[in-house]
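Okay, start.csv now, which holds CSV, C-alpha atoms:
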chain,number,residue,atom,x,y,z
V,770,MET,CA,6.2,-24.6,-9.5
V,771,GLY,CA,7.8,-21.3,-8.6
V,772,GLU,CA,6.6,-18.7,-6.2
V,773,THR,CA,6.9,-15.0,-5.8
V,774,LEU,CA,8.4,-14.7,-2.3
V,775,SER,CA,7.9,-11.3,-0.6
V,776,VAL,CA,10.8,-10.1,1.5
V,777,GLY,CA,9.3,-8.0,4.2
V,778,LEU,CA,11.0,-5.3,6.2
V,779,GLY,CA,13.8,-6.7,8.2
V,780,GLU,CA,13.5,-10.1,6.7
V,781,ILE,CA,15.9,-12.4,4.9
V,782,VAL,CA,14.5,-14.9,2.4
V,783,ILE,CA,16.6,-17.7,0.9
V,784,SER,CA,15.5,-19.9,-2.0
V,785,LYS,CA,16.9,-22.8,-4.0
V,786,ASN,CA,13.9,-23.2,-6.3
V,787,SER,CA,15.0,-22.0,-9.7
V,788,GLU,CA,11.5,-20.9,-10.5
V,789,ASP,CA,11.1,-18.6,-7.4
V,790,VAL,CA,11.4,-14.8,-7.5
V,791,LEU,CA,12.3,-12.9,-4.4
V,792,VAL,CA,10.7,-9.4,-4.2
V,793,ALA,CA,11.1,-6.4,-2.0
V,794,TYR,CA,8.1,-4.2,-2.7
V,795,GLY,CA,8.2,-0.4,-2.4
V,796,LEU,CA,11.7,0.2,-1.1
V,797,GLY,CA,12.2,3.8,-0.1
V,798,SER,CA,15.2,4.5,2.2
V,799,CYS,CA,15.5,0.8,2.8
V,800,LEU,CA,18.0,-1.4,1.0
V,801,GLY,CA,17.2,-4.7,-0.9
V,802,ILE,CA,20.5,-6.6,-0.7
V,803,ALA,CA,20.6,-9.8,-2.8
V,804,CYS,CA,23.2,-12.6,-2.8
V,805,TYR,CA,23.6,-15.2,-5.4
V,806,ASP,CA,25.6,-18.5,-5.6
V,807,GLU,CA,26.0,-19.1,-9.3
V,808,ASN,CA,27.2,-22.7,-8.9
V,809,ALA,CA,24.6,-23.9,-6.3
V,810,ARG,CA,21.9,-21.6,-7.7
V,811,ILE,CA,20.9,-20.3,-4.3
V,812,ALA,CA,19.5,-16.8,-4.0
V,813,GLY,CA,18.9,-14.8,-0.9
V,814,MET,CA,17.6,-11.3,-0.2
V,815,LEU,CA,17.7,-9.0,2.8
V,816,HIS,CA,15.4,-6.1,3.2
V,817,ALA,CA,17.3,-3.8,5.6
V,818,VAL,CA,15.6,-0.8,7.1
V,819,LEU,CA,18.2,1.2,9.1
V,820,PRO,CA,22.1,1.2,9.1
V,821,LYS,CA,22.7,0.1,12.6
V,822,PRO,CA,20.9,-0.1,16.0
V,823,ASN,CA,20.9,2.8,18.4
V,824,GLY,CA,22.4,1.9,21.7
V,825,ASN,CA,23.7,-1.4,22.8
V,826,GLY,CA,21.6,-3.9,20.8
V,827,LYS,CA,23.9,-6.9,20.6
V,828,GLU,CA,21.4,-9.5,19.3
V,829,PRO,CA,21.7,-9.9,15.5
V,830,ASP,CA,18.7,-8.1,13.9
V,831,SER,CA,18.4,-8.2,10.2
V,832,ARG,CA,16.4,-4.9,10.2
V,833,TYR,CA,19.8,-3.3,10.3
V,834,VAL,CA,22.3,-3.3,7.4
V,835,GLU,CA,25.3,-4.0,9.7
V,836,HIS,CA,23.7,-7.1,11.2
V,837,GLY,CA,21.7,-8.2,8.1
V,838,ILE,CA,24.5,-8.5,5.6
V,839,PRO,CA,26.6,-11.0,7.7
V,840,GLU,CA,23.4,-12.8,8.5
V,841,LEU,CA,22.4,-13.0,4.8
V,842,LEU,CA,25.8,-14.5,4.0
V,843,ARG,CA,25.6,-17.0,6.9
V,844,LYS,CA,22.2,-18.2,5.8
V,845,MET,CA,23.4,-18.6,2.3
V,846,VAL,CA,26.2,-20.9,3.5
V,847,GLU,CA,23.8,-22.7,5.8
V,848,ALA,CA,21.6,-23.4,2.7
V,849,GLY,CA,24.6,-25.0,1.0
V,850,GLY,CA,26.3,-22.1,-0.7
V,851,LYS,CA,30.0,-21.4,-0.8
V,852,GLU,CA,31.2,-17.8,-0.2
V,853,LYS,CA,33.8,-18.0,-3.1
V,854,ASP,CA,30.8,-18.4,-5.5
V,855,PHE,CA,28.8,-15.5,-4.1
V,856,SER,CA,28.0,-12.2,-5.7
V,857,ILE,CA,26.0,-9.3,-4.5
V,858,ARG,CA,23.6,-6.8,-6.0
V,859,TYR,CA,21.7,-4.2,-4.0
V,860,ALA,CA,19.3,-1.4,-4.6
V,861,GLY,CA,17.3,1.3,-2.6
V,862,GLY,CA,18.5,3.9,-0.2
V,863,ALA,CA,16.4,6.7,-1.7
V,864,ASN,CA,16.2,10.1,-0.1
V,865,MET,CA,12.4,10.3,0.4
V,866,LEU,CA,12.2,13.8,1.8
V,867,ASN,CA,13.6,16.8,0.0
V,868,SER,CA,11.8,19.3,2.1
V,869,PRO,CA,13.8,21.4,4.6
V,870,GLY,CA,13.5,20.5,8.3
V,871,PHE,CA,13.7,16.8,7.8
V,872,ASN,CA,17.4,16.2,7.9
V,873,ASN,CA,17.1,13.4,10.5
V,874,VAL,CA,14.8,11.3,8.3
V,875,LEU,CA,16.4,12.5,5.1
V,876,ASN,CA,19.7,11.0,5.8
V,877,ILE,CA,18.6,7.4,6.4
V,878,GLY,CA,18.8,6.3,2.8
V,879,GLN,CA,22.3,7.7,2.4
V,880,ARG,CA,23.4,6.2,5.8
V,881,ASN,CA,22.0,2.8,4.7
V,882,ILE,CA,24.1,3.0,1.5
V,883,GLU,CA,27.2,4.0,3.4
V,884,ALA,CA,26.7,1.1,5.9
V,885,ALA,CA,26.4,-1.4,3.0
V,886,GLU,CA,29.5,0.1,1.2
V,887,ASN,CA,31.5,-0.1,4.4
V,888,LEU,CA,30.7,-3.7,4.9
V,889,LEU,CA,30.9,-4.9,1.3
V,890,GLN,CA,33.6,-2.9,-0.5
V,891,PRO,CA,36.6,-4.5,1.3
V,892,GLY,CA,34.9,-7.9,1.5
V,893,PRO,CA,35.6,-11.1,-0.3
V,894,VAL,CA,32.2,-11.1,-2.0
V,895,PRO,CA,32.1,-9.0,-5.2
V,896,VAL,CA,29.4,-6.4,-5.7
V,897,VAL,CA,28.3,-6.9,-9.3
V,898,GLY,CA,25.5,-4.4,-9.5
V,899,LYS,CA,23.8,-1.6,-7.5
V,900,ASP,CA,21.1,1.0,-8.0
V,901,VAL,CA,21.0,3.3,-5.0
V,902,GLY,CA,20.1,6.8,-4.0
V,903,GLY,CA,17.7,9.1,-5.9
V,904,THR,CA,14.4,10.3,-4.5
V,905,ILE,CA,11.9,7.7,-5.7
V,906,GLY,CA,11.0,4.3,-4.3
V,907,ARG,CA,11.7,1.0,-6.1
V,908,THR,CA,10.4,-2.5,-6.2
V,909,VAL,CA,13.3,-5.0,-6.6
V,910,ARG,CA,12.9,-8.5,-8.0
V,911,PHE,CA,15.6,-11.2,-7.8
V,912,TYR,CA,15.4,-14.3,-9.9
V,913,VAL,CA,16.7,-17.6,-8.4
V,914,GLU,CA,17.2,-19.1,-11.9
V,915,ASP,CA,20.1,-16.8,-12.9
V,916,GLY,CA,20.7,-14.2,-10.2
V,917,LYS,CA,19.1,-11.5,-12.4
V,918,MET,CA,17.8,-8.4,-10.5
V,919,THR,CA,15.2,-6.0,-11.9
V,920,ILE,CA,14.1,-2.6,-10.6
V,921,ARG,CA,10.8,-0.9,-11.1
V,922,ARG,CA,10.3,2.7,-10.1
V,923,LEU,CA,7.0,4.4,-9.6
V,924,GLY,CA,5.4,4.9,-13.0
V,925,GLY,CA,8.4,3.4,-14.8
V,926,GLU,CA,9.3,0.3,-16.7
V,927,GLU,CA,11.0,-2.6,-15.1
V,928,ILE,CA,14.7,-2.5,-15.9
V,929,GLU,CA,17.4,-5.1,-15.4
V,930,LEU,CA,20.3,-4.1,-13.2
O,783,MET,CA,7.5,-0.4,26.4
O,784,ILE,CA,4.8,-2.9,25.5
O,785,ALA,CA,2.0,-1.4,23.3
O,786,GLU,CA,-0.7,-3.4,25.0
O,787,GLU,CA,0.2,-1.9,28.4
O,788,ILE,CA,-0.1,1.6,27.2
O,789,PHE,CA,-3.0,1.3,24.7
O,790,THR,CA,-5.8,0.3,27.1
O,791,THR,CA,-9.5,0.5,26.4
O,792,GLN,CA,-9.5,3.7,28.5
O,793,LEU,CA,-6.8,5.3,26.4
O,794,PHE,CA,-8.7,4.4,23.2
O,795,ASP,CA,-11.9,6.0,24.5
O,796,VAL,CA,-9.8,9.2,25.2
O,797,LEU,CA,-8.2,9.0,21.7
O,798,ASN,CA,-11.6,8.7,20.1
O,799,LYS,CA,-12.9,11.8,21.9
O,800,MET,CA,-9.7,13.7,21.1
O,801,ALA,CA,-9.7,12.7,17.5
O,802,LYS,CA,-13.4,13.7,17.1
O,803,GLU,CA,-12.6,17.1,18.6
O,804,GLY,CA,-9.4,17.5,16.7
O,805,PHE,CA,-11.0,16.7,13.3
O,806,ASN,CA,-13.9,19.0,14.0
O,807,HIS,CA,-11.5,21.9,14.7
O,808,ALA,CA,-9.5,21.0,11.6
O,809,ALA,CA,-12.8,21.0,9.5
O,810,ASN,CA,-13.4,24.6,10.8
O,811,GLY,CA,-9.9,25.6,9.7
O,812,LEU,CA,-10.3,24.0,6.3
O,813,GLU,CA,-13.6,25.6,5.7
O,814,GLY,CA,-11.8,29.0,5.8
O,815,MET,CA,-9.4,27.7,3.2
O,816,VAL,CA,-11.9,26.1,0.9
O,817,GLY,CA,-14.7,28.6,1.4
O,818,GLN,CA,-17.4,25.9,1.6
O,819,PRO,CA,-19.1,23.9,4.3
O,820,LEU,CA,-16.9,20.9,5.0
O,821,ARG,CA,-16.7,18.1,7.6
O,822,PHE,CA,-14.7,15.1,8.6
O,823,HIS,CA,-16.7,12.0,9.3
O,824,GLU,CA,-16.4,10.6,12.8
O,825,PRO,CA,-12.9,9.0,12.9
O,826,LYS,CA,-12.4,5.3,13.7
O,827,THR,CA,-9.4,4.8,15.9
O,828,ASP,CA,-7.2,1.7,15.8
O,829,LEU,CA,-3.7,0.6,16.8
O,830,VAL,CA,-1.8,-1.0,14.0
O,831,GLU,CA,1.6,-2.6,13.8
O,832,LEU,CA,3.8,-0.4,11.6
O,833,LEU,CA,4.5,-3.3,9.3
O,834,ARG,CA,0.8,-3.9,8.8
O,835,LEU,CA,0.0,-0.4,7.8
O,836,PRO,CA,0.3,-1.0,4.1
O,837,ASP,CA,-2.4,-3.7,4.2
O,838,SER,CA,-5.2,-1.2,4.5
O,839,LEU,CA,-3.9,0.8,1.5
O,840,GLY,CA,-3.6,-2.1,-1.0
O,841,GLY,CA,-0.1,-3.2,-0.4
O,842,LEU,CA,3.5,-1.9,-0.4
O,843,GLU,CA,3.7,-1.2,-4.2
O,844,LYS,CA,0.4,0.7,-4.4
O,845,GLU,CA,0.8,4.3,-5.5
O,846,ALA,CA,-0.1,6.8,-2.7
O,847,VAL,CA,0.3,10.3,-1.5
O,848,GLY,CA,1.5,11.1,2.0
O,849,ILE,CA,1.5,14.4,3.8
O,850,TYR,CA,4.0,14.2,6.5
O,851,LEU,CA,4.7,16.4,9.6
O,852,ILE,CA,6.9,16.0,12.6
O,853,ALA,CA,5.6,17.2,16.0
O,854,ASP,CA,8.2,18.6,18.4
O,855,GLY,CA,7.9,19.9,21.9
O,856,ASP,CA,6.5,18.3,25.1
O,857,PHE,CA,4.5,16.0,22.8
O,858,ARG,CA,6.7,14.5,20.1
O,859,GLY,CA,5.9,12.2,17.2
O,860,GLN,CA,5.1,11.9,13.5
O,861,ILE,CA,1.9,12.5,11.7
O,862,MET,CA,1.2,11.1,8.2
O,863,LEU,CA,-2.0,11.8,6.3
O,864,ILE,CA,-2.0,9.1,3.6
O,865,LEU,CA,-4.4,8.2,0.8
O,866,PRO,CA,-4.2,6.2,-2.4
O,867,LEU,CA,-3.1,8.4,-5.3
O,868,GLU,CA,-6.5,8.5,-7.0
O,869,LYS,CA,-8.0,9.7,-3.7
O,870,GLY,CA,-5.3,12.4,-3.6
O,871,PHE,CA,-6.6,13.6,-7.0
O,872,GLU,CA,-10.1,13.6,-5.6
O,873,MET,CA,-9.0,15.6,-2.5
O,874,ALA,CA,-7.1,18.1,-4.7
O,875,ASP,CA,-10.3,18.6,-6.8
O,876,MET,CA,-12.3,19.2,-3.6
O,877,VAL,CA,-9.9,21.6,-2.0
O,878,LEU,CA,-9.3,23.5,-5.2
O,879,GLN,CA,-13.0,23.5,-5.9
O,880,ARG,CA,-12.7,21.9,-9.3
O,881,GLU,CA,-15.1,19.5,-11.1
O,882,PRO,CA,-14.5,15.9,-9.8
O,883,GLY,CA,-12.1,14.1,-12.1
O,884,THR,CA,-10.2,17.3,-13.2
O,885,THR,CA,-6.9,16.5,-11.4
O,886,LYS,CA,-4.9,13.8,-13.2
O,887,GLU,CA,-1.5,14.5,-11.6
O,888,LEU,CA,-0.1,16.3,-8.7
O,889,ASN,CA,1.8,19.3,-9.8
O,890,SER,CA,3.0,22.1,-7.5
O,891,LEU,CA,-0.5,23.7,-7.1
O,892,GLU,CA,-2.2,20.4,-6.2
O,893,ARG,CA,0.7,19.5,-3.9
O,894,SER,CA,0.5,22.8,-2.1
O,895,ALA,CA,-3.3,22.3,-1.7
O,896,LEU,CA,-2.7,18.9,-0.2
O,897,ALA,CA,0.1,20.1,2.0
O,898,GLU,CA,-2.3,22.7,3.4
O,899,VAL,CA,-4.9,20.0,4.2
O,900,GLY,CA,-2.2,18.1,6.1
O,901,ASN,CA,-0.8,21.2,7.7
O,902,LEU,CA,-4.2,22.4,8.9
O,903,THR,CA,-5.4,19.0,10.0
O,904,GLY,CA,-2.1,18.2,11.8
O,905,SER,CA,-2.0,21.7,13.4
O,906,PHE,CA,-5.5,21.5,14.7
O,907,PHE,CA,-5.0,18.0,15.9
O,908,LEU,CA,-1.9,19.0,17.8
O,909,SER,CA,-3.5,22.1,19.3
O,910,THR,CA,-6.3,19.8,20.6
O,911,ILE,CA,-3.7,17.6,22.2
O,912,GLU,CA,-2.0,20.7,23.7
O,913,ARG,CA,-5.3,22.1,25.0
O,914,ILE,CA,-6.4,18.9,26.6
O,915,THR,CA,-3.1,17.6,28.0
O,916,GLY,CA,-1.1,20.8,28.4
O,917,LEU,CA,1.7,19.2,26.4
O,918,ALA,CA,3.0,22.0,24.2
O,919,THR,CA,3.8,20.9,20.7
O,920,ARG,CA,4.4,22.4,17.3
O,921,PRO,CA,4.4,20.9,13.8
O,922,SER,CA,7.1,21.1,11.2
O,923,PRO,CA,6.2,22.4,7.7
O,924,PRO,CA,4.4,19.6,5.8
O,925,ALA,CA,6.2,17.5,3.2
O,926,VAL,CA,4.1,15.9,0.3
O,927,ILE,CA,5.4,12.6,-1.0
O,928,VAL,CA,4.0,10.8,-4.0
O,929,ASP,CA,5.4,7.2,-4.1
O,930,MET,CA,4.8,3.6,-3.4
O,931,VAL,CA,3.1,2.9,0.0
O,932,GLY,CA,6.2,1.0,1.1
O,933,ALA,CA,8.5,3.9,0.4
O,934,ILE,CA,6.2,6.3,2.3
O,935,LEU,CA,6.1,3.8,5.2
O,936,ASN,CA,9.9,3.9,5.2
O,937,ILE,CA,9.7,7.5,6.2
O,938,VAL,CA,7.8,6.9,9.4
O,939,ILE,CA,9.8,3.8,10.3
O,940,ALA,CA,13.1,5.7,9.8
O,941,GLY,CA,11.7,8.6,11.8
O,942,SER,CA,10.8,6.4,14.7
O,943,ALA,CA,14.3,4.7,14.5
O,944,MET,CA,12.3,1.4,15.0
O,945,VAL,CA,11.7,2.3,18.6
O,946,SER,CA,7.9,2.4,18.0
O,947,ASP,CA,6.4,-0.7,16.5
O,948,TYR,CA,2.8,0.7,16.4
O,949,ALA,CA,0.9,3.6,14.9
O,950,ILE,CA,-2.4,5.0,16.0
O,951,MET,CA,-4.5,5.0,12.9
O,952,PHE,CA,-7.5,7.3,12.5
O,953,GLU,CA,-9.7,6.5,9.5
O,954,THR,CA,-12.0,9.3,8.5
O,955,ALA,CA,-13.4,10.9,5.3
O,956,LEU,CA,-13.5,14.5,4.2
O,957,GLU,CA,-16.8,15.7,2.8
O,958,VAL,CA,-17.2,18.9,0.7
O,959,SER,CA,-20.4,19.7,-1.2
O,960,GLY,CA,-21.6,16.1,-1.2
O,961,GLN,CA,-18.2,14.7,-2.4
O,962,THR,CA,-16.4,12.4,0.0
O,963,THR,CA,-12.9,11.2,0.1
O,964,GLU,CA,-11.5,8.7,2.6
O,965,ALA,CA,-8.2,9.4,4.3
O,966,LYS,CA,-6.1,7.8,7.0
O,967,PHE,CA,-4.0,9.5,9.6
O,968,TRP,CA,-1.1,7.7,11.1
O,969,VAL,CA,0.1,9.1,14.4
O,970,ILE,CA,3.3,7.7,15.8
O,971,PRO,CA,4.0,9.2,19.1
O,972,ASP,CA,7.5,9.2,20.5
O,973,THR,CA,7.5,6.4,23.1
O,974,GLU,CA,9.2,8.6,25.7
O,975,VAL,CA,6.1,10.9,25.8
O,976,LEU,CA,3.4,8.3,25.6
O,977,GLN,CA,3.1,7.6,29.3
O,978,ARG,CA,2.8,11.3,30.2
O,979,PHE,CA,0.4,11.8,27.3
O,980,LYS,CA,-1.8,9.0,28.5
O,981,GLU,CA,-1.9,10.1,32.1
O,982,ARG,CA,-2.7,13.7,31.2
O,983,SER,CA,-5.3,12.9,28.6
O,984,ILE,CA,-7.2,10.4,30.8
O,985,LYS,CA,-7.1,12.9,33.7
O,986,ALA,CA,-8.5,15.6,31.4
O,987,TYR,CA,-11.4,13.5,30.2
O,988,GLY,CA,-12.0,12.1,33.7
Give the structure from the file, written as structure tokens.
Amino acid sequence: MGETLSVGLGEIVISKNSEDVLVAYGLGSCLGIACYDENARIAGMLHAVLPKPNGNGKEPDSRYVEHGIPELLRKMVEAGGKEKDFSIRYAGGANMLNSPGFNNVLNIGQRNIEAAENLLQPGPVPVVGKDVGGTIGRTVRFYVEDGKMTIRRLGGEEIEL
Amino acid sequence: MIAEEIFTTQLFDVLNKMAKEGFNHAANGLEGMVGQPLRFHEPKTDLVELLRLPDSLGGLEKEAVGIYLIADGDFRGQIMLILPLEKGFEMADMVLQREPGTTKELNSLERSALAEVGNLTGSFFLSTIERITGLATRPSPPAVIVDMVGAILNIVIAGSAMVSDYAIMFETALEVSGQTTEAKFWVIPDTEVLQRFKERSIKAYG
């Protein structure tokens, strides 16, 4: 029996149950980064909040894109996956505030996207789909059965990435 | 800084008094805008983990409207007036003096009206803080966001750079001509100003 597993802020959830669905609800500037091993049928999702820690935080903390992506890949391997079989999809990074005077907050979505791109683009794991930016929040679902990702925006239909 | 060390019973008593005063002032300001007698119900004050804030609004995916301000000066922090979307429609009807049920979506007029509610309430609240603690502060212009609760929450979490884990939540209701709409205020003070704010406000209220 499969479950809908909510991936909360700063969390990583891994599943090998083909009936499970991993969900990150209401992503705004956050990123939902999902990794799939198509041979082992293992799925993992990271819900990253900020690009990187301020100051000297050395402890791995999956609330940050820079820490969370390596941690996601590590947990996938720990669960029995092989990096050569991994692919990545990610979504989110909306600019939630268009109003003037909020530049500090406004940049977080874009900075999250850039942090993910910097880590993923030169890496060995291919990015096979992404839906990032814009000004509206998203709910992201990731299906363990086949690695499919769907996106639902406020007031919109669910679409497959 | 551990939240439990700062948010003592004594500070909560002070916050309650401050909120009551602040909302009363805000009601006076809003009366001028609406042109009708108006009041906020006595606020209930609580300390809530940032990640638990969506629970009281029906979850991360629930549609909501947030009115957001940043306070800057000697007292710094973020203020978010947040309510479920349908309550936002109700509040727009009340403020624009329309028949209940008229507003079906938030266009520029309705958004401006809600922005003004957030602006006035936030400004009066901050001026109460300034008067009591002497910590000068000024609000940014308000931003109105209509989106999922999770996406709105992202704004305050990003704004606090994850330094604050808690928000002070004031639950109240706005009443105009017998119509009532519940609303929640999240106040996320900058952790650097919290200790000074606490010392000064406790001293002021004796």
Using all atoms listed in the file, which of V:Pro829, V:Gly850, V:Gly898, V:Gly878 sits nearest Ala812 of chain V?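 Once distances to Ala812 of chain V are computed over all atoms listed in the file, the minimum belongs to V:Gly850.
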Near Val877 of chain O, within 8 Å and counting only C-alpha atoms, which residues show up once chain neighbours fewer than 2 positions away are dropped, as a compact mmCIF listing (two decimals) with C-alpha atoms, in the coordinates of the input?
# COMPACT_ATOMS: atom_id res chain seq x y z
CA VAL O 816 -11.90 26.10 0.90
CA MET O 873 -9.00 15.60 -2.50
CA ALA O 874 -7.10 18.10 -4.70
CA ASP O 875 -10.30 18.60 -6.80
CA GLN O 879 -13.00 23.50 -5.90
CA ARG O 880 -12.70 21.90 -9.30
CA ALA O 895 -3.30 22.30 -1.70
CA LEU O 896 -2.70 18.90 -0.20
For the point (3.5, 19.1, 11.6) in file coordinates, what residues are within 6 Å, counting all atoms listed in the file? Give the answer as a ChimeraX atom specification? /O:851-853,904,921-924
Counting only C-alpha atoms, which residues come within 8 Å of (3.5, 14.8, 22.1), with the point read in the file's coordinates, and could you list them as a list in words? Ala853, Asp854, Gly855, Asp856, Phe857, Arg858, Gly859, Ile911, Leu917, Ala918, Thr919, Pro971, Asp972, Val975, Leu976 and Phe979 of chain O
Have a look at atom CA of Glu892 of chain O and atom CA of Phe967 of chain O and let me know their distance in Å, one decimal.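 Spanning atom CA of Glu892 of chain O to atom CA of Phe967 of chain O is a straight-line distance of 19.3 Å.
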Measure the distance from atom CA of Leu956 of chain O to atom CA of Glu824 of chain O in Å and round it to one decimal.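 Atom-to-atom, atom CA of Leu956 of chain O and atom CA of Glu824 of chain O are spaced 9.9 Å apart.
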Please build the interface table for chain V against chain O with a cut-off of 8 Å, listing for each qualifying residue the nearest atom pair and the distance in Å to one decimal; count all atoms listed in the file, order rows by chain and increasing number, and write it as a tab-separated table.
residue	atom	partner	partner_atom	distance
V:Leu778	CA	O:Leu833	CA	7.5
V:Tyr794	CA	O:Glu843	CA	5.5
V:Gly795	CA	O:Gly932	CA	4.3
V:Leu796	CA	O:Ala933	CA	5.1
V:Gly797	CA	O:Ala933	CA	3.7
V:Ser798	CA	O:Asn936	CA	6.1
V:Cys799	CA	O:Asn936	CA	6.8
V:Val818	CA	O:Ala940	CA	7.5
V:Leu819	CA	O:Ala940	CA	6.8
V:Asn823	CA	O:Ala943	CA	7.9
V:Met865	CA	O:Ile937	CA	7.0
V:Leu866	CA	O:Ala925	CA	7.2
V:Ser868	CA	O:Ala925	CA	6.0
V:Gly870	CA	O:Ser922	CA	7.1
V:Asn873	CA	O:Gly941	CA	7.3
V:Val874	CA	O:Gly941	CA	5.4
V:Ile877	CA	O:Ala940	CA	6.7
V:Ile905	CA	O:Asp929	CA	6.7
V:Gly906	CA	O:Ala933	CA	5.3
V:Arg907	CA	O:Ala933	CA	7.8
V:Thr908	CA	O:Glu843	CA	7.1
V:Leu923	CA	O:Asp929	CA	6.4
Between atom CA of Tyr805 of chain V and atom CA of Gly902 of chain V, what distance in Å does the model show, to one decimal?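 Straight-line distance from atom CA of Tyr805 of chain V to atom CA of Gly902 of chain V works out to 22.3 Å.
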Have a look at O:Gln792, O:Lys886, O:Glu872, O:Leu878 and name the one nearest to Gln818 of chain O; count all atoms listed in the file.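 Checking each of O:Gln792, O:Lys886, O:Glu872, O:Leu878 against Gln818 of chain O, counting all atoms listed in the file, the winner is O:Leu878.
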Report as a list in words all protein, DNA and RNA residues lying within 9 Å of Met800 of chain O, evaluated on all atoms listed in the file, omitting residues in the same chain fewer than 2 positions from it.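 Within the cut-off, the hits are Asp795, Val796, Leu797, Asn798, Lys802, Glu803, Gly804, Phe805, Phe907, Thr910, Ile911, Ile914 and Ser983 of chain O.
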Taking all atoms listed in the file into account, which of V:Leu800, V:Ala817, V:Leu889, V:Ile783 comes nearest Asp830 of chain V?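 So, comparing all the options, the nearest one is V:Ala817.
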Just want the 8 Å neighbourhood of Leu774 of chain V, counted on all atoms listed in the file, with same-chain residues fewer than 2 positions away dropped. Output as an MDAnalysis selection string. chainID V and resid 772 776 782 789:792
Output C-alpha atoms for every residue in the selection just made, as a PDB file, in the coordinates of the input.
ATOM      1  CA  GLU V 772       6.600 -18.700  -6.200  1.00  0.00           C
ATOM      2  CA  VAL V 776      10.800 -10.100   1.500  1.00  0.00           C
ATOM      3  CA  VAL V 782      14.500 -14.900   2.400  1.00  0.00           C
ATOM      4  CA  ASP V 789      11.100 -18.600  -7.400  1.00  0.00           C
ATOM      5  CA  VAL V 790      11.400 -14.800  -7.500  1.00  0.00           C
ATOM      6  CA  LEU V 791      12.300 -12.900  -4.400  1.00  0.00           C
ATOM      7  CA  VAL V 792      10.700  -9.400  -4.200  1.00  0.00           C
TER       8      VAL V 792
END
Do a neighbour search on Lys826 of chain O at 8 Å with all atoms listed in the file, toss out local chain neighbours closer than 2 positions, and write the hits as a compact mmCIF listing (two decimals) with C-alpha atoms, in the frame of the given file.
# COMPACT_ATOMS: atom_id res chain seq x y z
CA ASN O 798 -11.60 8.70 20.10
CA GLU O 824 -16.40 10.60 12.80
CA ASP O 828 -7.20 1.70 15.80
CA MET O 951 -4.50 5.00 12.90
CA PHE O 952 -7.50 7.30 12.50
CA GLU O 953 -9.70 6.50 9.50
CA THR O 954 -12.00 9.30 8.50
Restricting the calculation to all atoms listed in the file: of V:Ile920, V:Gly837, V:Val913, V:Glu926, which residue gets closest to Gly771 of chain V?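 Selected residue with least distance to Gly771 of chain V: V:Val913.
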